[in-house]
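With compact mmCIF, C-alpha atoms inside, this is model05.txt:
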```
# COMPACT_ATOMS: atom_id res chain seq x y z
CA MET A 17 -85.44 -6.45 15.18
CA ASN A 18 -87.17 -7.71 12.04
CA ARG A 19 -88.33 -5.59 9.13
CA ARG A 20 -91.50 -6.70 7.35
CA ALA A 21 -93.08 -4.67 4.57
CA GLY A 22 -91.27 -1.51 5.67
CA ARG A 23 -92.33 -1.87 9.31
CA ALA A 24 -89.96 -2.44 12.18
CA ILE A 25 -91.22 -5.05 14.64
CA VAL A 26 -89.47 -5.72 17.93
CA GLN A 27 -89.63 -9.39 18.88
CA GLY A 28 -91.88 -10.08 21.86
CA MET A 29 -93.84 -6.84 21.58
CA SER A 30 -97.40 -6.58 20.41
CA SER A 31 -97.95 -4.68 17.20
CA ASP A 32 -99.17 -1.14 17.81
CA ALA A 33 -99.73 1.30 14.93
CA HIS A 34 -98.22 4.21 16.87
CA VAL A 35 -95.13 2.20 17.85
CA ASP A 36 -94.81 0.95 14.26
CA ARG A 37 -94.84 4.56 13.00
CA LEU A 38 -92.22 5.56 15.57
CA MET A 39 -90.04 2.57 14.71
CA GLY A 40 -90.34 3.45 11.02
CA LYS A 41 -89.34 7.02 11.83
CA LEU A 42 -86.34 5.74 13.79
CA VAL A 43 -85.24 3.45 10.94
CA ARG A 44 -85.49 6.33 8.44
CA ALA A 45 -83.50 8.63 10.74
CA VAL A 46 -80.74 6.04 11.12
CA GLU A 47 -80.64 5.49 7.36
CA VAL A 48 -80.38 9.25 6.71
CA SER A 49 -77.64 9.54 9.33
CA LEU A 50 -75.66 6.71 7.74
CA LYS A 51 -76.01 8.25 4.27
CA ALA A 52 -74.86 11.64 5.61
CA THR A 53 -71.85 10.03 7.27
CA GLU A 54 -70.96 8.24 4.02
CA ALA A 55 -71.28 11.50 2.06
CA ALA A 56 -69.07 13.33 4.57
CA ARG A 57 -66.48 10.53 4.48
CA ASP A 58 -66.47 10.62 0.66
CA ALA A 59 -66.00 14.40 0.69
CA VAL A 60 -63.10 14.16 3.15
CA ALA A 61 -61.49 11.41 1.06
CA GLU A 62 -61.77 13.53 -2.09
CA ILE A 63 -60.25 16.55 -0.33
CA LEU A 64 -57.34 14.44 0.93
CA LYS A 65 -56.88 12.84 -2.50
CA ARG A 66 -56.45 16.33 -3.97
CA GLY A 67 -53.66 17.07 -1.49
CA ALA A 68 -55.49 19.34 0.93
CA GLU A 69 -56.03 18.73 4.63
CA THR A 70 -59.23 18.78 6.63
CA GLY A 71 -59.96 19.78 10.19
CA ILE A 72 -62.87 20.31 12.49
CA PHE A 73 -62.69 23.09 15.05
CA PHE A 74 -64.96 23.38 18.04
CA ALA A 75 -65.82 26.74 19.54
CA ARG A 76 -68.16 27.81 22.28
CA GLY A 77 -71.38 29.45 21.17
CA ARG A 78 -72.38 33.04 21.74
CA GLY A 79 -73.22 33.71 25.33
CA ALA A 80 -71.73 30.40 26.51
CA GLN A 81 -69.62 30.48 29.61
CA PRO A 82 -65.92 29.78 29.08
CA SER A 83 -64.93 26.33 30.28
CA ALA A 84 -61.67 25.12 31.73
CA GLY A 85 -61.37 22.30 29.20
CA PHE A 86 -63.08 20.32 26.51
CA GLU A 87 -63.48 16.57 26.22
CA LEU A 88 -64.82 14.64 23.26
CA THR A 89 -67.47 12.08 24.08
CA GLU A 90 -67.17 8.51 22.82
CA GLN A 91 -69.93 9.38 20.31
CA ASP A 92 -67.85 12.35 19.10
CA ARG A 93 -64.83 10.06 18.65
CA ASP A 94 -66.89 7.44 16.80
CA PHE A 95 -68.23 10.11 14.43
CA LEU A 96 -64.76 11.49 13.73
CA ARG A 97 -63.38 7.99 13.15
CA SER A 98 -66.24 7.30 10.71
CA LEU A 99 -64.90 10.25 8.68
CA SER A 100 -61.31 8.94 8.97
CA ILE A 101 -60.44 11.92 11.19
CA ARG A 102 -58.18 11.28 14.17
CA PRO A 103 -58.77 13.72 17.02
CA ASP A 104 -55.56 15.51 18.01
CA ARG A 105 -54.47 15.36 21.62
CA ASP A 106 -52.73 18.42 23.06
```
Please express the file's structure as structure tokens.
Amino acid sequence: MNRRAGRAIVQGMSSDAHVDRLMGKLVRAVEVSLKATEAARDAVAEILKRGAETGIFFARGRGAQPSAGFELTEQDRDFLRSLSIRPDRD
């Protein structure tokens, strides 16, 4: 993918204003996501530097049916690793 003048162009595809807007929206969303991950990682690092521990707890929502188990997806694991959090295995 090439970026020209703030537009994302996919090689081999004809330029379409609607697609360009959607690609721009996608690029902005990815950039915001990366910045949020960096901010979260920095916050976790600061907490750890001050001697405290961090943890993330998952709970089922109101009205959700109880499940027999819970498995993290690969995306969940990637996100936790990006924050330098190692998922515990029971």
Work out how far atom CA of Leu99 of chain A is from atom CA of Lys65 of chain A, in Å to one decimal.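 Separating atom CA of Lys65 of chain A from atom CA of Leu99 of chain A is a distance of 14.0 Å.
Among the candidate residues A:Arg66, A:Ala61, A:Gln81, A:Leu50, the one lying nearest to Phe95 of chain A is A:Leu50, with distances computed using all atoms listed in the file.
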So that I can see what lies close to segment 57-59 of chain A, please list as a PyMOL selection string the residues with an atom at most 12 Å from it, counting all atoms listed in the file and leaving out residues fewer than 3 positions away in the same chain. chain A and resi 50-54+62-66+68-70+95-101
Determine the nearest neighbour of Thr89 of chain A from the options A:Phe73, A:Pro103, A:Val35, A:Gly67, counting all atoms listed in the file.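 Of A:Phe73, A:Pro103, A:Val35, A:Gly67, the one nearest Thr89 of chain A, counting all atoms listed in the file, is A:Pro103.
Separating atom CA of Arg78 of chain A from atom CA of Gln91 of chain A is a distance of 23.8 Å.
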